[in-house]
Amino acid sequence: MELHKRGWQVYRAYIDEKFDFVILKTYCENCQSFKNALTREEFYRGGNRKAVTPLCETCERDSLKMLVRFIQVKTSEGVLPNQANLGEEIKAFSFHLKIRYHLADSRVFYAWIQVWDQDTHDINYYIFKTSDVERFDDLTLDTYQITDNQKTTLRINKEGEVLNRGRRYDFSVFQDFHNNFECLEELIEGDSWK
């Protein structure tokens, strides 16, 4: 629903393998921005009817292209850890990535949904490219090389700030991904229609 709210058409595969969703959005090469198709009134069978065209709603040129993204969704509900002397409400979330198939195409993204409280709809979204995994984790670990997945526990406060600090990796980069739906709209390799 969050993707649909932001103008994406969302499709789920009949058989869930590799990706959870394929999302599409129309992009006008002439306007160089996301646009809808022009809708106009046409006379049909005795009355005016809405007709969708392949034209951009703004420049009215035939320059609309479909931007495609592949989304792997992971969801976690937090549990309260031992909070002695922490001073703020923190929950621990299981973060479980599977990278099989996903490093082969730059149009593959992860959407990690961190559910703080289902009843109050306190939810944080972390949206990132699969290539961003190496910013916070070691892809040479056996758990990635042999089983293609790694489980990590992330401590997160209610505002969505990841508090983990590792010796080798700093999970504070997750702030770059927090509610980062805009990264899906950046033109990347694989988006060329020529």
# chains A, B, ... in the order shown; residues from 1 in each chain; ligands from 1
$ select_by_dssp --residues "stretch 6-185 of chain A" --states "strand (DSSP E or B)" --output "number ranges by chain"
A: 9-12, 21-28, 33-34, 37-44, 47-56, 64-77, 79, 90-98, 108-117, 122-129, 149-157, 162, 178
$ residues_around --residues "A:Thr39" --least-positions-apart "5" --cutoff "10 Å" --atoms "only C-alpha atoms" --output "PyMOL selection string"
chain A and resi 49-57
$ residues_around --residues "stretch 164-175 of chain A" --least-positions-apart "4" --cutoff "10 Å" --atoms "only C-alpha atoms" --output "list in words"
Tyr126, Ile127, Phe128, Asp132, Glu134, Arg135, Phe136, Asp137, Asp138, Thr153, Leu154, Arg155, Ile156, Gly160, Asn179 and Asn180 of chain A
$ closest_residue --among "A:Phe43, A:Trp8, A:Phe19, A:Tyr14" --to "A:Gln72" --atoms "only C-alpha atoms"
A:Phe19
$ atom_distance --atom1 "atom CA of A:Thr152" --atom2 "atom CA of A:His121"
23.8 Å
$ atom_distance --atom1 "atom CA of A:Glu182" --atom2 "atom CA of A:Arg12"
21.0 Å
$ select_by_dssp --residues "stretch 2-174 of chain A" --states "alpha helix (DSSP H)" --output "MDAnalysis selection string"
chainID A and resid 2:5 142:145 174
$ write_last_selection --atoms "all heavy atoms" --output "short mmCIF file (atom, residue, chain, number, x, y, z; two decimals), in the first residue's frame"
data_model
loop_
_atom_site.label_atom_id
_atom_site.label_comp_id
_atom_site.auth_asym_id
_atom_site.auth_seq_id
_atom_site.Cartn_x
_atom_site.Cartn_y
_atom_site.Cartn_z
N GLU A 2 2.00 1.21 0.70
CA GLU A 2 2.89 2.37 0.72
C GLU A 2 3.42 2.68 -0.68
O GLU A 2 3.52 3.84 -1.08
CB GLU A 2 4.07 2.14 1.67
CG GLU A 2 3.70 2.24 3.13
CD GLU A 2 3.25 3.64 3.55
OE1 GLU A 2 3.85 4.63 3.10
OE2 GLU A 2 2.30 3.72 4.32
N LEU A 3 3.75 1.66 -1.45
CA LEU A 3 4.24 1.86 -2.81
C LEU A 3 3.12 2.39 -3.70
O LEU A 3 3.32 3.31 -4.50
CB LEU A 3 4.80 0.55 -3.37
CG LEU A 3 6.09 0.07 -2.73
CD1 LEU A 3 6.35 -1.38 -3.10
CD2 LEU A 3 7.26 0.95 -3.14
N HIS A 4 1.95 1.82 -3.57
CA HIS A 4 0.80 2.26 -4.37
C HIS A 4 0.47 3.72 -4.07
O HIS A 4 0.17 4.51 -4.98
CB HIS A 4 -0.40 1.36 -4.10
CG HIS A 4 -1.60 1.72 -4.91
ND1 HIS A 4 -1.66 1.57 -6.28
CD2 HIS A 4 -2.79 2.25 -4.54
CE1 HIS A 4 -2.83 1.98 -6.72
NE2 HIS A 4 -3.54 2.40 -5.68
N LYS A 5 0.54 4.10 -2.81
CA LYS A 5 0.27 5.47 -2.39
C LYS A 5 1.25 6.45 -3.07
O LYS A 5 0.92 7.60 -3.29
CB LYS A 5 0.44 5.55 -0.87
CG LYS A 5 -0.32 6.64 -0.21
CD LYS A 5 -0.43 6.43 1.29
CE LYS A 5 0.91 6.42 1.99
NZ LYS A 5 0.78 6.34 3.44
N ASP A 142 30.59 -16.83 5.48
CA ASP A 142 30.10 -18.13 5.02
C ASP A 142 28.58 -18.18 4.93
O ASP A 142 28.02 -18.84 4.06
CB ASP A 142 30.58 -19.25 5.96
CG ASP A 142 32.06 -19.56 5.78
OD1 ASP A 142 32.64 -19.11 4.76
OD2 ASP A 142 32.63 -20.23 6.65
N THR A 143 27.91 -17.48 5.84
CA THR A 143 26.44 -17.50 5.82
C THR A 143 25.88 -16.91 4.54
O THR A 143 24.79 -17.26 4.12
CB THR A 143 25.87 -16.74 7.03
OG1 THR A 143 26.53 -15.48 7.12
CG2 THR A 143 26.03 -17.52 8.30
N TYR A 144 26.63 -16.01 3.90
CA TYR A 144 26.21 -15.50 2.59
C TYR A 144 26.71 -16.42 1.47
O TYR A 144 26.01 -16.71 0.52
CB TYR A 144 26.76 -14.10 2.34
CG TYR A 144 26.00 -13.00 3.04
CD1 TYR A 144 26.65 -12.10 3.85
CD2 TYR A 144 24.63 -12.86 2.87
CE1 TYR A 144 25.97 -11.07 4.48
CE2 TYR A 144 23.94 -11.85 3.50
CZ TYR A 144 24.62 -10.95 4.31
OH TYR A 144 23.92 -9.95 4.92
N GLN A 145 27.94 -16.89 1.58
CA GLN A 145 28.55 -17.67 0.51
C GLN A 145 27.95 -19.06 0.37
O GLN A 145 27.84 -19.59 -0.72
CB GLN A 145 30.07 -17.78 0.73
CG GLN A 145 30.78 -16.44 0.71
CD GLN A 145 30.56 -15.70 -0.59
OE1 GLN A 145 30.75 -16.24 -1.66
NE2 GLN A 145 30.09 -14.47 -0.50
N PHE A 174 21.98 2.72 8.25
CA PHE A 174 20.56 2.44 8.05
C PHE A 174 19.73 3.72 8.03
O PHE A 174 18.65 3.76 7.45
CB PHE A 174 20.03 1.48 9.12
CG PHE A 174 20.03 0.05 8.67
CD1 PHE A 174 21.20 -0.68 8.67
CD2 PHE A 174 18.87 -0.54 8.23
CE1 PHE A 174 21.21 -1.98 8.24
CE2 PHE A 174 18.86 -1.85 7.80
CZ PHE A 174 20.04 -2.57 7.80
#
$ residues_around --residues "A:Ser76" --least-positions-apart "6" --cutoff "12 Å" --atoms "only C-alpha atoms" --output "count of residues only"
25
$ residues_around --residues "A:Asp20" --least-positions-apart "6" --cutoff "9 Å" --atoms "only C-alpha atoms" --output "CSV table (one decimal) with N, CA, C and O atoms, in the first residue's frame"
chain,number,residue,atom,x,y,z
A,11,TYR,N,2.8,-5.4,-8.5
A,11,TYR,CA,2.4,-6.8,-9.0
A,11,TYR,C,3.1,-7.8,-8.1
A,11,TYR,O,4.3,-7.7,-7.8
A,12,ARG,N,2.3,-8.8,-7.8
A,12,ARG,CA,2.9,-10.0,-7.0
A,12,ARG,C,2.9,-11.2,-7.9
A,12,ARG,O,1.9,-11.5,-8.6
A,13,ALA,N,4.0,-11.9,-7.9
A,13,ALA,CA,4.1,-13.1,-8.7
A,13,ALA,C,3.1,-14.2,-8.3
A,13,ALA,O,2.8,-14.3,-7.1
A,70,PHE,N,12.3,-4.4,-8.9
A,70,PHE,CA,12.0,-5.7,-8.3
A,70,PHE,C,12.3,-5.5,-6.8
A,70,PHE,O,13.3,-5.0,-6.4
A,71,ILE,N,11.3,-5.9,-6.0
A,71,ILE,CA,11.4,-5.7,-4.6
A,71,ILE,C,11.4,-7.0,-3.8
A,71,ILE,O,10.5,-7.9,-4.0
A,72,GLN,N,12.3,-7.1,-2.9
A,72,GLN,CA,12.3,-8.2,-1.9
A,72,GLN,C,11.9,-7.6,-0.6
A,72,GLN,O,12.6,-6.7,-0.1
A,73,VAL,N,10.8,-8.1,0.0
A,73,VAL,CA,10.3,-7.6,1.2
A,73,VAL,C,10.7,-8.5,2.4
A,73,VAL,O,10.5,-9.7,2.3
